[in-house]
Amino acid sequence: MKTLTALSPIVPRHKGLPLVGNTFAFIRDPLGFLLSLQEMYPRLATINLLGRTITVLQTAEDAKYVLQENNRNYHKSEAYRVLAIFLGNGLLTSEGDFWRRQRKLAQPAFYKQRLALMTDMMVQETEHLLADWKAHDTRQPRDISQDMLRLTLNIVTKALFSTDVGTRVAGISTALDEIMHYADEELKSFIHIPLKYSTPRNVRFRNAVSKVEEVIYGIINGRRREWEKDPTSRHDDLLDMLMHTRDEETGETMSDAQLRDEVTTIFMAGHETTANALSWALYVLAQQPEVVKKIRKESQQVWSAEGTSTFEKARELRYTLQVVQEVMRLYPPAWIIGRRALSEDQIGPYTFPADSYFLISPYTLHRRPEYWDEPEAFNPDRFSEAHAKDRPTYAYIPFGGGPRLCVGNNFALLEMQLVLSLLVRDYDVSLTAPDQVVVPEPMVTLRPRGGLSLRIVPREQVVSA
Ligand code: HEM
């Protein structure tokens, strides 16, 4: 191995300032910084962030190598430790054999048959939002990003806990927001004040975590009590599946603490990402009347067809799916993915010692001119069957890749297809002013900075106007 290291070419290093390295340039404009890095160093380059040397991998081939081909040598990077403060040992943050076991237990909850059972619920929740929209004064702009957050939180809540606990969960959306803010600040900060110290910020975070825990443990305990009274009682939701699933080898079910971690993870991972993608979709559609027409045509055909289940209908929303995919190309909610090498490894001609850190950016991969013609142009046809083979698979990784691929990817795609199709069927969305520009804000997820305000007008008003 020593000879390999000796022969390895030197990894290009992007110069930064003394002590702080590239931290300020990155924090000032992370997306701009990563895009210009990609132009300067087409394969890879090391940068220095918050005192840590990180290699940014720029190509689909190297992303595939780390995420898939040699994934066993790569664990998640330090950044995920911040998430682990409140996600504990859930799927997103656990590693090794423990993660493998949990993934095997949780995976069936996202199988096609399970998703099929959730389709009607997703439609109902969207219809509740449409009812709210009906009461909206169309002369006023509407905060679409808040609508999407509420909608995706309601959907993931129903998927996890069925209908009976909806109101108890409604109160925790502020707590979830507080937790995400804390994580954002921690990820960008040189200074970390341990949580045991009662600074106002730490107290707010601790309270938010307690609030979420209280609700989740309350629900788990309620289920356990029901089960004690009637061992045959079952619910048609993800929590029920997670509580009843047994490890093949040990025959054990998950402990309450593990259930808490998995449920919190699904809650957090499963709503803000999807909400952001939907907000970006509506922002794009407000500027793409031709695309709207096509979605609407498909929507009218599919929703008026008789004799098919809602799940079958959803699968017919093929063009809408292409739109969703193209939106997530330009605005991938998970805009960076971090990894740490467990032992020395060779990536192309370069050798990296154990404990090297890597960053892969779906945002820059999705805009790399070698993989995408006119990368800045919005074009859902890129995802048609005819063009699916136009690029390497890892040039498009909104859900990550390899064994750690997002477990909720089909859930999210189904949800986004349904929501968009129904909203566009019934409403026209437009910008609040012709020069309205919404810029992405790369926090834990890629949000619209300052939220997204749009005008919404019901179709019957548009048609009769
Ligand atoms: C547009 C929506 C979504 C996007 C863009 C997204 C993106 C991602 C990405 C990139 C990862 C991999 C992170 C890594 O490798 O470091 C991931 C993992 C994960 N996602 Fe999603 N996600 C979305 C929706 C969902 C939904 C709806 C759920 C659950 C209902 C979910 C649950 C999870 C979980 C549990 C993991 C960890 C999986 C594992 O490591 O085994 N996500 N997601």
# chains A, B, ... in the order shown; residues from 1 in each chain; ligands from 1
call {"tool": "residues_near_ligand", "arguments": {"ligand": "ligand 1", "cutoff": "7 Å", "atoms": "only C-alpha atoms and all ligand atoms", "output": "PyMOL selection string"}}
result
chain A and resi 76+91-93+99+103+156+265-267+269-271+273-274+277+332-334+337-338+398-401+404-409+411-413
call {"tool": "closest_residue", "arguments": {"among": "A:Asp256, A:Glu228, A:Glu185, A:Glu61", "to": "Ile347 of chain A", "atoms": "only C-alpha atoms"}}
result
A:Glu61
call {"tool": "closest_residue", "arguments": {"among": "A:Arg72, A:Arg315, A:Arg142, A:His181", "to": "Ser279 of chain A", "atoms": "only C-alpha atoms"}}
result
A:Arg142
call {"tool": "closest_residue", "arguments": {"among": "A:Gln113, A:Ala395, A:Asp355, A:Val82", "to": "Tyr182 of chain A", "atoms": "only C-alpha atoms"}}
result
A:Val82
call {"tool": "select_by_dssp", "arguments": {"residues": "segment 150-222 of chain A", "states": "alpha helix (DSSP H)", "output": "NGL selection string"}}
result
:A and (150-161 or 166-170 or 173-187 or 200-222)
call {"tool": "residues_around", "arguments": {"residues": "Ile456 of chain A", "least_positions_apart": "5", "cutoff": "10 Å", "atoms": "only C-alpha atoms", "output": "list in words"}}
result
Trp133, Lys134, His136, Asp137, Thr138, Arg139, Gln140, Pro141, Arg142, Ile144, Ala286, Leu423, Asp426, Tyr427, Asp428, Val429, Ser430, Leu431 and Thr432 of chain A
call {"tool": "write_last_selection", "arguments": {"atoms": "all heavy atoms", "output": "compact mmCIF listing (two decimals), in the first residue's frame"}}
result
# COMPACT_ATOMS: atom_id res chain seq x y z
N TRP A 133 -57.39 26.33 -0.37
CA TRP A 133 -57.11 27.26 -1.47
C TRP A 133 -58.40 27.92 -1.96
O TRP A 133 -58.41 29.06 -2.38
CB TRP A 133 -56.42 26.51 -2.63
CG TRP A 133 -54.94 26.35 -2.43
CD1 TRP A 133 -54.26 26.49 -1.25
CD2 TRP A 133 -53.95 26.03 -3.42
NE1 TRP A 133 -52.91 26.26 -1.44
CE2 TRP A 133 -52.69 25.98 -2.77
CE3 TRP A 133 -53.98 25.77 -4.79
CZ2 TRP A 133 -51.50 25.69 -3.43
CZ3 TRP A 133 -52.79 25.48 -5.46
CH2 TRP A 133 -51.56 25.43 -4.79
N LYS A 134 -59.48 27.15 -1.90
CA LYS A 134 -60.77 27.67 -2.37
C LYS A 134 -61.18 28.91 -1.57
O LYS A 134 -61.76 29.85 -2.10
CB LYS A 134 -61.82 26.57 -2.20
CG LYS A 134 -62.78 26.55 -3.34
CD LYS A 134 -63.64 25.35 -3.36
CE LYS A 134 -64.44 25.44 -4.66
NZ LYS A 134 -65.23 24.30 -4.88
N HIS A 136 -59.22 31.03 -0.32
CA HIS A 136 -58.18 32.07 -0.40
C HIS A 136 -58.61 33.22 -1.32
O HIS A 136 -59.20 32.98 -2.37
CB HIS A 136 -56.88 31.43 -0.94
CG HIS A 136 -55.76 32.39 -1.11
ND1 HIS A 136 -55.03 32.88 -0.04
CD2 HIS A 136 -55.26 32.99 -2.22
CE1 HIS A 136 -54.13 33.72 -0.50
NE2 HIS A 136 -54.24 33.81 -1.82
N ASP A 137 -58.34 34.44 -0.89
CA ASP A 137 -58.62 35.61 -1.71
C ASP A 137 -57.59 35.66 -2.84
O ASP A 137 -56.40 35.93 -2.59
CB ASP A 137 -58.52 36.86 -0.81
CG ASP A 137 -58.69 38.15 -1.60
OD1 ASP A 137 -58.82 38.07 -2.85
OD2 ASP A 137 -58.69 39.22 -0.97
N THR A 138 -58.04 35.41 -4.07
CA THR A 138 -57.08 35.25 -5.18
C THR A 138 -56.33 36.53 -5.53
O THR A 138 -55.37 36.50 -6.28
CB THR A 138 -57.78 34.72 -6.45
OG1 THR A 138 -58.88 35.59 -6.73
CG2 THR A 138 -58.28 33.31 -6.29
N ARG A 139 -56.78 37.67 -4.97
CA ARG A 139 -56.04 38.92 -5.25
C ARG A 139 -54.74 38.96 -4.45
O ARG A 139 -53.84 39.72 -4.74
CB ARG A 139 -56.91 40.13 -4.89
CG ARG A 139 -58.04 40.35 -5.89
CD ARG A 139 -59.07 41.28 -5.34
NE ARG A 139 -59.58 40.78 -4.06
CZ ARG A 139 -60.51 41.38 -3.33
NH1 ARG A 139 -61.03 42.50 -3.73
NH2 ARG A 139 -60.92 40.85 -2.19
N GLN A 140 -54.69 38.14 -3.40
CA GLN A 140 -53.50 38.13 -2.54
C GLN A 140 -52.57 36.98 -2.93
O GLN A 140 -53.04 35.89 -3.25
CB GLN A 140 -53.91 37.89 -1.07
CG GLN A 140 -54.82 38.93 -0.49
CD GLN A 140 -54.19 40.32 -0.53
OE1 GLN A 140 -52.98 40.47 -0.37
NE2 GLN A 140 -55.01 41.32 -0.78
N PRO A 141 -51.23 37.22 -2.87
CA PRO A 141 -50.32 36.10 -3.08
C PRO A 141 -50.45 35.10 -1.93
O PRO A 141 -50.96 35.44 -0.86
CB PRO A 141 -48.93 36.73 -3.06
CG PRO A 141 -49.11 38.18 -2.92
CD PRO A 141 -50.54 38.48 -2.62
N ARG A 142 -50.00 33.89 -2.14
CA ARG A 142 -50.13 32.87 -1.10
C ARG A 142 -48.74 32.26 -0.80
O ARG A 142 -47.94 32.06 -1.71
CB ARG A 142 -51.08 31.79 -1.59
CG ARG A 142 -51.40 30.80 -0.50
CD ARG A 142 -52.63 29.99 -0.75
NE ARG A 142 -52.71 28.99 0.28
CZ ARG A 142 -53.60 28.98 1.26
NH1 ARG A 142 -54.54 29.89 1.33
NH2 ARG A 142 -53.57 28.02 2.19
N ILE A 144 -46.78 29.55 -0.62
CA ILE A 144 -46.86 28.17 -1.11
C ILE A 144 -45.93 27.24 -0.33
O ILE A 144 -46.25 26.08 -0.09
CB ILE A 144 -46.48 28.14 -2.62
CG1 ILE A 144 -47.46 28.97 -3.43
CG2 ILE A 144 -46.37 26.73 -3.15
CD1 ILE A 144 -48.86 28.43 -3.51
N ALA A 286 -44.94 28.00 -12.67
CA ALA A 286 -45.47 29.37 -12.81
C ALA A 286 -44.82 30.08 -13.99
O ALA A 286 -45.30 31.11 -14.44
CB ALA A 286 -45.21 30.15 -11.52
N LEU A 423 -53.10 19.66 -8.09
CA LEU A 423 -53.06 21.12 -7.96
C LEU A 423 -53.16 21.78 -9.34
O LEU A 423 -53.90 22.75 -9.52
CB LEU A 423 -51.77 21.57 -7.25
CG LEU A 423 -51.57 21.13 -5.79
CD1 LEU A 423 -50.31 21.76 -5.21
CD2 LEU A 423 -52.76 21.48 -4.91
N ASP A 426 -56.63 21.77 -11.01
CA ASP A 426 -57.65 22.70 -10.52
C ASP A 426 -57.22 24.16 -10.46
O ASP A 426 -58.06 25.04 -10.30
CB ASP A 426 -58.09 22.29 -9.11
CG ASP A 426 -58.84 20.95 -9.12
OD1 ASP A 426 -59.00 20.39 -10.23
OD2 ASP A 426 -59.23 20.47 -8.05
N TYR A 427 -55.92 24.43 -10.49
CA TYR A 427 -55.44 25.81 -10.29
C TYR A 427 -54.41 26.25 -11.31
O TYR A 427 -53.64 25.43 -11.81
CB TYR A 427 -54.82 25.95 -8.89
CG TYR A 427 -55.88 26.21 -7.85
CD1 TYR A 427 -56.60 25.16 -7.30
CD2 TYR A 427 -56.18 27.50 -7.46
CE1 TYR A 427 -57.61 25.39 -6.39
CE2 TYR A 427 -57.20 27.74 -6.54
CZ TYR A 427 -57.90 26.68 -6.00
OH TYR A 427 -58.89 26.93 -5.11
N ASP A 428 -54.40 27.55 -11.57
CA ASP A 428 -53.30 28.18 -12.29
C ASP A 428 -52.41 28.85 -11.26
O ASP A 428 -52.93 29.55 -10.38
CB ASP A 428 -53.84 29.25 -13.25
CG ASP A 428 -53.89 28.72 -14.66
OD1 ASP A 428 -53.07 27.85 -14.98
OD2 ASP A 428 -54.76 29.17 -15.43
N VAL A 429 -51.12 28.64 -11.37
CA VAL A 429 -50.21 29.36 -10.45
C VAL A 429 -49.39 30.33 -11.28
O VAL A 429 -49.01 30.02 -12.41
CB VAL A 429 -49.26 28.40 -9.68
CG1 VAL A 429 -49.99 27.61 -8.63
CG2 VAL A 429 -48.50 27.49 -10.61
N SER A 430 -49.15 31.52 -10.72
CA SER A 430 -48.30 32.46 -11.46
C SER A 430 -47.43 33.24 -10.48
O SER A 430 -47.70 33.28 -9.27
CB SER A 430 -49.16 33.41 -12.29
OG SER A 430 -50.10 34.05 -11.47
N LEU A 431 -46.38 33.85 -11.04
CA LEU A 431 -45.47 34.65 -10.21
C LEU A 431 -46.22 35.87 -9.68
O LEU A 431 -47.22 36.28 -10.27
CB LEU A 431 -44.28 35.12 -11.04
CG LEU A 431 -43.40 34.01 -11.66
CD1 LEU A 431 -42.27 34.64 -12.47
CD2 LEU A 431 -42.82 33.08 -10.59
N THR A 432 -45.73 36.45 -8.58
CA THR A 432 -46.40 37.63 -8.04
C THR A 432 -46.05 38.88 -8.86
O THR A 432 -46.77 39.87 -8.84
CB THR A 432 -46.00 37.86 -6.57
OG1 THR A 432 -44.57 37.86 -6.51
CG2 THR A 432 -46.54 36.78 -5.66
call {"tool": "atom_distance", "arguments": {"atom1": "atom CA of Pro369 of chain A", "atom2": "atom CA of Glu39 of chain A"}}
result
9.8 Å
call {"tool": "residues_around", "arguments": {"residues": "Val302 of chain A", "least_positions_apart": "2", "cutoff": "9 Å", "atoms": "only C-alpha atoms", "output": "MDAnalysis selection string"}}
result
chainID A and resid 297:300 304:306 313:314 316:317
call {"tool": "write_last_selection", "arguments": {"atoms": "N, CA, C and O atoms", "output": "PDB file, in the first residue's frame"}}
result
ATOM      1  N   LYS A 297     -53.385  18.162 -19.282  1.00  0.00           N
ATOM      2  CA  LYS A 297     -54.020  17.236 -20.233  1.00  0.00           C
ATOM      3  C   LYS A 297     -53.938  15.808 -19.666  1.00  0.00           C
ATOM      4  O   LYS A 297     -54.916  15.069 -19.624  1.00  0.00           O
ATOM      5  N   GLU A 298     -52.748  15.464 -19.197  1.00  0.00           N
ATOM      6  CA  GLU A 298     -52.554  14.121 -18.641  1.00  0.00           C
ATOM      7  C   GLU A 298     -53.448  13.930 -17.420  1.00  0.00           C
ATOM      8  O   GLU A 298     -54.109  12.903 -17.248  1.00  0.00           O
ATOM      9  N   SER A 299     -53.488  14.972 -16.597  1.00  0.00           N
ATOM     10  CA  SER A 299     -54.266  14.924 -15.371  1.00  0.00           C
ATOM     11  C   SER A 299     -55.745  14.683 -15.679  1.00  0.00           C
ATOM     12  O   SER A 299     -56.401  13.829 -15.058  1.00  0.00           O
ATOM     13  N   GLN A 300     -56.267  15.442 -16.652  1.00  0.00           N
ATOM     14  CA  GLN A 300     -57.691  15.293 -16.990  1.00  0.00           C
ATOM     15  C   GLN A 300     -57.985  13.883 -17.502  1.00  0.00           C
ATOM     16  O   GLN A 300     -58.965  13.260 -17.115  1.00  0.00           O
ATOM     17  N   SER A 304     -60.152  11.241 -15.030  1.00  0.00           N
ATOM     18  CA  SER A 304     -61.523  10.960 -15.471  1.00  0.00           C
ATOM     19  C   SER A 304     -61.695   9.494 -15.891  1.00  0.00           C
ATOM     20  O   SER A 304     -62.815   9.046 -16.131  1.00  0.00           O
ATOM     21  N   ALA A 305     -60.581   8.740 -15.978  1.00  0.00           N
ATOM     22  CA  ALA A 305     -60.691   7.331 -16.397  1.00  0.00           C
ATOM     23  C   ALA A 305     -61.429   6.530 -15.337  1.00  0.00           C
ATOM     24  O   ALA A 305     -61.203   6.724 -14.133  1.00  0.00           O
ATOM     25  N   GLU A 306     -62.320   5.642 -15.781  1.00  0.00           N
ATOM     26  CA  GLU A 306     -63.083   4.860 -14.800  1.00  0.00           C
ATOM     27  C   GLU A 306     -62.504   3.463 -14.652  1.00  0.00           C
ATOM     28  O   GLU A 306     -61.807   2.967 -15.538  1.00  0.00           O
ATOM     29  N   LYS A 313     -53.935   4.861 -11.365  1.00  0.00           N
ATOM     30  CA  LYS A 313     -54.000   6.183 -11.991  1.00  0.00           C
ATOM     31  C   LYS A 313     -52.654   6.903 -11.812  1.00  0.00           C
ATOM     32  O   LYS A 313     -52.110   7.473 -12.748  1.00  0.00           O
ATOM     33  N   ALA A 314     -52.160   6.836 -10.573  1.00  0.00           N
ATOM     34  CA  ALA A 314     -50.903   7.538 -10.285  1.00  0.00           C
ATOM     35  C   ALA A 314     -49.791   7.050 -11.218  1.00  0.00           C
ATOM     36  O   ALA A 314     -48.971   7.839 -11.693  1.00  0.00           O
ATOM     37  N   GLU A 316     -50.065   6.159 -14.141  1.00  0.00           N
ATOM     38  CA  GLU A 316     -50.271   6.684 -15.500  1.00  0.00           C
ATOM     39  C   GLU A 316     -49.794   8.135 -15.637  1.00  0.00           C
ATOM     40  O   GLU A 316     -49.754   8.677 -16.741  1.00  0.00           O
ATOM     41  N   LEU A 317     -49.470   8.745 -14.521  1.00  0.00           N
ATOM     42  CA  LEU A 317     -49.063  10.164 -14.575  1.00  0.00           C
ATOM     43  C   LEU A 317     -47.593  10.261 -14.987  1.00  0.00           C
ATOM     44  O   LEU A 317     -46.743  10.758 -14.245  1.00  0.00           O
TER      45      LEU A 317
END
call {"tool": "residues_around", "arguments": {"residues": "Asn70 of chain A", "least_positions_apart": "3", "cutoff": "12 Å", "atoms": "only C-alpha atoms", "output": "VMD selection string"}}
result
chain A and resid 61 to 67 73 to 75 339 341 to 347 401 to 403
call {"tool": "residues_around", "arguments": {"residues": "Ala84 of chain A", "least_positions_apart": "3", "cutoff": "10 Å", "atoms": "only C-alpha atoms", "output": "PDB file with N, CA, C and O atoms, in the first residue's frame"}}
result
ATOM      1  N   GLU A  78     -19.044  13.539   9.140  1.00  0.00           N
ATOM      2  CA  GLU A  78     -19.316  14.144  10.455  1.00  0.00           C
ATOM      3  C   GLU A  78     -20.625  14.933  10.477  1.00  0.00           C
ATOM      4  O   GLU A  78     -21.300  14.992  11.499  1.00  0.00           O
ATOM      5  N   ALA A  79     -20.963  15.532   9.333  1.00  0.00           N
ATOM      6  CA  ALA A  79     -22.156  16.386   9.295  1.00  0.00           C
ATOM      7  C   ALA A  79     -23.382  15.620   9.797  1.00  0.00           C
ATOM      8  O   ALA A  79     -24.268  16.184  10.433  1.00  0.00           O
ATOM      9  N   TYR A  80     -23.418  14.318   9.532  1.00  0.00           N
ATOM     10  CA  TYR A  80     -24.589  13.534   9.934  1.00  0.00           C
ATOM     11  C   TYR A  80     -24.661  13.377  11.465  1.00  0.00           C
ATOM     12  O   TYR A  80     -25.698  13.047  11.998  1.00  0.00           O
ATOM     13  N   ARG A  81     -23.481  13.648  12.148  1.00  0.00           N
ATOM     14  CA  ARG A  81     -23.507  13.578  13.622  1.00  0.00           C
ATOM     15  C   ARG A  81     -24.433  14.631  14.190  1.00  0.00           C
ATOM     16  O   ARG A  81     -25.046  14.432  15.224  1.00  0.00           O
ATOM     17  N   LEU A  87     -31.851  12.475  15.641  1.00  0.00           N
ATOM     18  CA  LEU A  87     -32.365  11.293  14.940  1.00  0.00           C
ATOM     19  C   LEU A  87     -31.863  10.006  15.584  1.00  0.00           C
ATOM     20  O   LEU A  87     -32.307   8.918  15.226  1.00  0.00           O
ATOM     21  N   GLY A  88     -30.908  10.153  16.544  1.00  0.00           N
ATOM     22  CA  GLY A  88     -30.389   8.982  17.248  1.00  0.00           C
ATOM     23  C   GLY A  88     -29.802   8.001  16.270  1.00  0.00           C
ATOM     24  O   GLY A  88     -29.083   8.366  15.332  1.00  0.00           O
ATOM     25  N   ASN A  89     -30.152   6.722  16.470  1.00  0.00           N
ATOM     26  CA  ASN A  89     -29.584   5.665  15.636  1.00  0.00           C
ATOM     27  C   ASN A  89     -30.595   5.214  14.585  1.00  0.00           C
ATOM     28  O   ASN A  89     -30.755   4.026  14.342  1.00  0.00           O
ATOM     29  N   GLY A  90     -31.282   6.181  13.993  1.00  0.00           N
ATOM     30  CA  GLY A  90     -32.270   5.838  12.949  1.00  0.00           C
ATOM     31  C   GLY A  90     -31.584   5.514  11.641  1.00  0.00           C
ATOM     32  O   GLY A  90     -30.354   5.622  11.518  1.00  0.00           O
ATOM     33  N   LEU A  92     -31.150   6.974   8.806  1.00  0.00           N
ATOM     34  CA  LEU A  92     -30.327   7.945   8.095  1.00  0.00           C
ATOM     35  C   LEU A  92     -28.937   8.065   8.705  1.00  0.00           C
ATOM     36  O   LEU A  92     -27.965   8.345   8.011  1.00  0.00           O
ATOM     37  N   THR A  93     -28.836   7.859  10.023  1.00  0.00           N
ATOM     38  CA  THR A  93     -27.586   8.164  10.719  1.00  0.00           C
ATOM     39  C   THR A  93     -26.844   6.940  11.249  1.00  0.00           C
ATOM     40  O   THR A  93     -25.696   7.058  11.655  1.00  0.00           O
ATOM     41  N   SER A  94     -27.469   5.761  11.231  1.00  0.00           N
ATOM     42  CA  SER A  94     -26.765   4.585  11.768  1.00  0.00           C
ATOM     43  C   SER A  94     -25.831   4.001  10.708  1.00  0.00           C
ATOM     44  O   SER A  94     -25.896   4.370   9.537  1.00  0.00           O
ATOM     45  N   ALA A 183     -29.895  22.526  13.361  1.00  0.00           N
ATOM     46  CA  ALA A 183     -28.976  21.698  12.569  1.00  0.00           C
ATOM     47  C   ALA A 183     -28.263  22.560  11.520  1.00  0.00           C
ATOM     48  O   ALA A 183     -27.041  22.457  11.354  1.00  0.00           O
ATOM     49  N   ASP A 261     -36.351   6.463  17.208  1.00  0.00           N
ATOM     50  CA  ASP A 261     -35.351   6.962  16.254  1.00  0.00           C
ATOM     51  C   ASP A 261     -35.834   6.791  14.814  1.00  0.00           C
ATOM     52  O   ASP A 261     -35.677   7.686  13.987  1.00  0.00           O
ATOM     53  N   THR A 265     -36.823   9.831  12.306  1.00  0.00           N
ATOM     54  CA  THR A 265     -36.076   9.932  11.045  1.00  0.00           C
ATOM     55  C   THR A 265     -37.031  10.043   9.862  1.00  0.00           C
ATOM     56  O   THR A 265     -36.867  10.902   8.992  1.00  0.00           O
TER      57      THR A 265
END
call {"tool": "closest_residue", "arguments": {"among": "A:Leu37, A:Ile27, A:Ile85, A:Leu149", "to": "His14 of chain A", "atoms": "only C-alpha atoms"}}
result
A:Leu37
call {"tool": "select_by_dssp", "arguments": {"residues": "segment 210-355 of chain A", "states": "strand (DSSP E or B)", "output": "PyMOL selection string"}}
result
chain A and resi 337-341+345-347+350-352
